[in-house]
Amino acid sequence: MIGYILRRLAQSILVVLVVTVIVFILLHQLPGGAARAILGPRATALQVAQFNTANGYDQPLLIQYFRQLGEWFTGNFGFSIKLNQSVSSLLAQRLPKTIVLSLLSLVLTVVVAVPLGIYQAVRRNRTFDYVATGLSFIFYAAPTFFIGIIMIEVFSQNLGWFPPEAPQSNGVGPIFEQFDAMVLPVVTLALLSIAGFSRYMRSSVLDNIDQDYVRTAQAKGASPQRVLYHHVLRNALIPIITLLGLSLPALFAGALVTESIFNFPGMGLLFWQAAQSSDYPVELGVVIITAFATVAGNLLADVSLAIIDPRVKL
Amino acid sequence: MALLEIRDLSTDIALSKSVVHALDHVSLHVDAGETLGLVGESGSGKTMTAMSIERLLPPGGHITGGEILFDGEDLVQLEEPRLREIRGGDIGMIFQDPMTSLNPVIPVGDQVAEPLMLHRGLSKAEAMKRVVEMFGLVGIPSPLQRTRDFPHQLSGGQRQRVMIAMALICQPKLLIADEPTTALDVTVQKQILELVDRLRQEFHMAMILVTHDLGVIAGSADRVVVMYAGKVAEMADVHTLFAAPKHRYTDALFEALPERAAGTGERLYSIPGLPPDLVEPPPACRFAPRCRFAVDACRAQVPPMTRINTPYGPQEFACFVPRTTPLHEPEPMDLRTVVPEVARVEPAEVGGRGWVAPTTFIPADGVPILQVQALVKDFPVTAGAILRRHVGDISAVADITVSIPRGRTLGLVGESGCGKTTLGRLVVGLDVPTGGKILFRGRRISQLRGREAKEGRRNVQFMFQDSYASLDPRMRVRSILREPLDIQHVGTPRDRNERVDELLAAVGLPARAAERYPHEFSGGQRQRIGLARALALQPGLIVADEPVSALDVSIQAQVLNLMKELQRDRELTYLFISHDLSVVRYLSDVIAVMYLGRMVEVGPAAEVYSHPQHHYTRGLIDTIPIPDPVVERQKAKLGVRGELPSAMNPPSGCRFRTRCPMAQDICARVVPPLQPGGGSEPMAAAEVEAAVASAAARGTVPHMTACHFPINGHSAADTLVEGAVSPVA
């Protein structure tokens, strides 16, 4: 088990390194280079040359890469001129909030999608199943920004239940103090994954319900509830665990749109604003963090799979 | 009073667009303490009957009529909660495949304890104590440790023992065993059947044994119910049924058994056609369309149950034209009325030129089609966290030398895991050997390159066990059969299409089959397509890996007959791989017995079968259930004990020694040479060659065995001591 985790960690580090190479190449593909991006199109050639010398952009690529790599790994992602702050301090502010948003919506997804999928599977091809399936398809197909706008329109403008804007404060603590303001962003972000995961859960339960071991459990005299929760559920969750781990980066990506709709000052909004103002150091920092989250999600999925499924050998 | 009495039970299964009438007025009873055998082909309703008893029907299934009286209660009308008390409490069940029937993510001990906690109200700790006792009782070694194992960590035989422990843990009055040994090896099958029988007597249980295997029935059942197309065809005690079957279906089943023609190799009787579609069952006798003896009455009305008395008890059958003589006496031929309509298949129109040559292009020049020399195949096993170290080898094929003369069949038998399939794959070139040579007509196929290699491949073709999985479900039969021709650029596209029609005709399928998809065919028909595909390139050698083991007896006979006919017409050579010694015996000229990667005995089929020299061969022959209750019960104590050891670290010396009743010190030290007559002292190479040459002159091979203490000619029944080896090494 430990050996397996070590091996997977080694692989993960490799993946992250590859991502840094790609990011570094992208950085150098910027039209006019970093100098143009930062100094603007009206800077003179002399200014550009001075900037390049000052920042080491005139040195060989390989040396630049390793210098850059060293800085990334010491937490130095550069400086955002637009926001007049170091990228690492920006990330330190914004990342926890995005994590809170993503985790809350992940929890909501699991809490809603798993029972929903089970119930649909048990009542397969009845009215409830058809209604839930129809709704799933709608939410799965609808773009997040559209759902977000509808949510604001209905629950904030018309019904007035929740505020239309997410908590604006810095830090994680206040988020929970104004929890009613978090409801709409979390639900918006979760709806898409609930739609997907309830479908996965439904078919996973259906796959298992026809298995021979279910018949064995019934022949032992187990009640339908016991068959479902003691026997089927653990088996049905096995594929879901993997999918959940793989969905982490998708949640991050979804947060980008959700945060901009609800003006939630998280990493997604940061990225959104950085993209609009060509704030490259910020964007690169977010990309590396997302790559990290993807790799971590995969690792987490593999390890939890090994815990729940005794057949998986580590 | 009977323990279980089923009266006029009818069960339907509702599909999305139709309703299958799976059971139609089935009546039978089981007395306390007796074993009732329920036998029939797939789709006969035997499993559906067993499942109806506890109302464990598949989705859409429901009982439409009749009653099931168990201990005075009608299970059809019973409320669910009370029925759940009976399930697992008063009635235990064992299923076919112990791998899929156990929950993969729960330790087996917990699974076995579950009925005790549900029905007897025991705490987990008390229940686990009983589980450990029960594991001991069903012969699972170190029971306490095993309770914490997961199903995938146990062998197939142990898993079925776990299933048995689970079914019996509450000491039920009735045990329903649905094909309990079909997924197991023949040597394990015997041990499991004996175990069930012993426990049944110990616990004073009644048992319903559902199986397609008449040999298993002969050895275990007291009374037998034969089912066909959802109805009871015949019911009698086991001795009467096997000696004097009455119903024409039972009669035909017996004639289709390969054992009946093992010595003569004559054509097997195969019941033509397929069992009827139970969405719209035939209105009168359901067997009439396939029956050789059907008269007008059979097609006009449903035959009523006739009851006669025999010395062993009553015999009942639903047939207008019952068999007039006991099974061993032939009947007058004039009783046969007509060729059944379903037997008349219109073969495909064969085009103008006879493109499929009646003989193969392999000349009869005495060069053996296939020579395997000192063949070795090891599969490496790796372990380790970061660097995958090579920690050992699974020795799948170890030093095998064998050859097949042209136009003959080499039957390869052995338990699963003995390396027979690996050998087949090596011969076809699907795997690369670790050592040794495979010569096809004196040339090494593996060393051919480019064009020659491609053409060399034509000569050896493969026929798979699972006809469904081995045919691409999205390709029409025409494309499937054309593909080998396309790859090898045989003839023009028009030629190839004609060739497909000819191939279909050759395997007895109608021409319109070419435009259909594999799922539209039955198992037997698909296996015909598999054979046609193997024949497409007119190969000299066909490697057939368990081609009939998934088929019902009557369909199996059709495929075996076809293989034999094609061999005669085209001088095909077969390497026939099977675990079923009676099928191998029927089809083969030479039998080779493999054990854990090594060949332990090889020789002319009749000789190996009647005078086995190796203790393993002898044990295998004794282990096979014979469809004759008298013989089967006499040999009850013989057979191979224990389970196949791991091929990862095979036993030293003779690999069979851990299960051999005759094993001595030398067996652990010296690998016995494979030579005529066996023995420890290697013969001079010239002597062996002389024996091979003289046998080759007679068109066969010498009888060779690899055993230090071979059984010499006479029956060795007296040398086998039961319990000489512990069940698990």
# chains A, B, ... in the order shown; residues from 1 in each chain; ligands from 1
$ closest_atom_pairs --of "chain B" --to "chain A" --cutoff "8 Å" --atoms "only C-alpha atoms" --output "tab-separated table"
residue	atom	partner	partner_atom	distance
B:Glu54	CA	A:Ala219	CA	7.6
B:Leu56	CA	A:Arg215	CA	7.2
B:Leu83	CA	A:Gly221	CA	7.8
B:Arg84	CA	A:Gly221	CA	4.3
B:Glu85	CA	A:Gly221	CA	6.0
B:Ile86	CA	A:Gly221	CA	7.1
B:Arg87	CA	A:Gly221	CA	4.6
B:Gly88	CA	A:Lys220	CA	3.9
B:Gly89	CA	A:Lys220	CA	7.3
B:Gly92	CA	A:Ala219	CA	7.2
B:Met93	CA	A:Ala219	CA	6.5
B:Phe95	CA	A:Thr216	CA	7.8
B:Thr100	CA	A:Asp212	CA	5.6
B:Ser101	CA	A:Tyr213	CA	4.0
B:Leu102	CA	A:Tyr213	CA	4.9
B:Asn103	CA	A:Tyr213	CA	5.3
B:Pro104	CA	A:Arg311	CA	7.6
B:Val105	CA	A:Asp309	CA	5.9
B:Glu114	CA	A:Lys220	CA	7.6
B:Pro115	CA	A:Lys220	CA	5.6
B:Leu118	CA	A:Ala222	CA	7.2
B:His119	CA	A:Gly221	CA	7.9
B:Phe150	CA	A:Pro310	CA	7.2
B:His152	CA	A:Arg311	CA	6.9
B:Ala167	CA	A:Lys220	CA	7.5
B:Gly384	CA	A:Gly3	CA	7.9
B:Ala385	CA	A:Gly3	CA	4.7
B:Ile386	CA	A:Arg7	CA	5.4
$ residues_around --residues "Glu607 (chain B)" --least-positions-apart "4" --cutoff "10 Å" --atoms "only C-alpha atoms" --output "list in words"
Val590, Ile591, Val602, Gly603, His611, Pro612, Gln613, His703 and Gly713 of chain B
$ write_last_selection --atoms "N, CA and C atoms" --output "compact mmCIF listing (two decimals), in the first residue's frame"
# COMPACT_ATOMS: atom_id res chain seq x y z
N VAL B 590 -5.50 -39.97 -30.86
CA VAL B 590 -4.43 -40.00 -29.87
C VAL B 590 -4.85 -39.09 -28.72
N ILE B 591 -4.64 -39.57 -27.49
CA ILE B 591 -4.95 -38.74 -26.33
C ILE B 591 -3.65 -38.37 -25.64
N VAL B 602 0.68 -40.15 -23.07
CA VAL B 602 0.20 -39.96 -24.43
C VAL B 602 0.13 -41.33 -25.09
N GLY B 603 -0.85 -41.51 -25.94
CA GLY B 603 -0.95 -42.80 -26.61
C GLY B 603 -2.24 -42.90 -27.39
N HIS B 611 -6.49 -48.67 -20.69
CA HIS B 611 -5.36 -49.10 -19.85
C HIS B 611 -4.48 -47.92 -19.51
N PRO B 612 -4.99 -47.00 -18.71
CA PRO B 612 -4.14 -45.85 -18.35
C PRO B 612 -2.95 -46.32 -17.55
N GLN B 613 -1.79 -45.70 -17.79
CA GLN B 613 -0.58 -46.10 -17.06
C GLN B 613 -0.21 -45.09 -15.98
N HIS B 703 2.39 -45.72 -26.89
CA HIS B 703 1.79 -45.36 -25.61
C HIS B 703 2.93 -45.06 -24.64
N GLY B 713 -0.70 -52.23 -17.10
CA GLY B 713 -1.66 -53.01 -17.86
C GLY B 713 -2.96 -53.32 -17.14
$ residues_around --residues "Ser80 (chain A)" --least-positions-apart "4" --cutoff "10 Å" --atoms "only C-alpha atoms" --output "MDAnalysis selection string"
chainID A and resid 38 84:88 90 274 279:283
$ write_last_selection --atoms "N, CA and C atoms" --output "compact mmCIF listing (two decimals), in the first residue's frame"
# COMPACT_ATOMS: atom_id res chain seq x y z
N ILE A 38 3.87 42.82 -20.50
CA ILE A 38 3.83 43.61 -19.28
C ILE A 38 4.02 45.11 -19.56
N ASN A 84 -0.96 44.55 -8.58
CA ASN A 84 0.09 45.06 -7.71
C ASN A 84 0.29 44.19 -6.47
N GLN A 85 0.40 42.89 -6.71
CA GLN A 85 0.51 41.93 -5.60
C GLN A 85 1.29 40.74 -6.13
N SER A 86 1.99 40.01 -5.25
CA SER A 86 2.64 38.80 -5.74
C SER A 86 1.56 37.74 -5.99
N VAL A 87 1.80 36.92 -7.04
CA VAL A 87 0.80 35.90 -7.41
C VAL A 87 0.57 34.94 -6.25
N SER A 88 1.68 34.61 -5.53
CA SER A 88 1.51 33.64 -4.44
C SER A 88 0.61 34.19 -3.34
N LEU A 90 -1.78 36.34 -3.83
CA LEU A 90 -3.12 36.32 -4.41
C LEU A 90 -3.74 34.92 -4.28
N ALA A 274 -7.93 37.89 -14.77
CA ALA A 274 -6.56 37.91 -15.29
C ALA A 274 -6.56 37.69 -16.80
N ASP A 279 -3.15 39.27 -17.65
CA ASP A 279 -2.27 39.21 -16.49
C ASP A 279 -1.63 37.81 -16.45
N TYR A 280 -0.58 37.62 -17.27
CA TYR A 280 -0.05 36.27 -17.48
C TYR A 280 0.47 35.59 -16.23
N PRO A 281 1.24 36.23 -15.37
CA PRO A 281 1.75 35.51 -14.20
C PRO A 281 0.62 34.89 -13.37
N VAL A 282 -0.48 35.62 -13.22
CA VAL A 282 -1.61 35.08 -12.45
C VAL A 282 -2.17 33.84 -13.15
N GLU A 283 -2.38 33.97 -14.46
CA GLU A 283 -2.95 32.83 -15.18
C GLU A 283 -2.08 31.59 -15.06
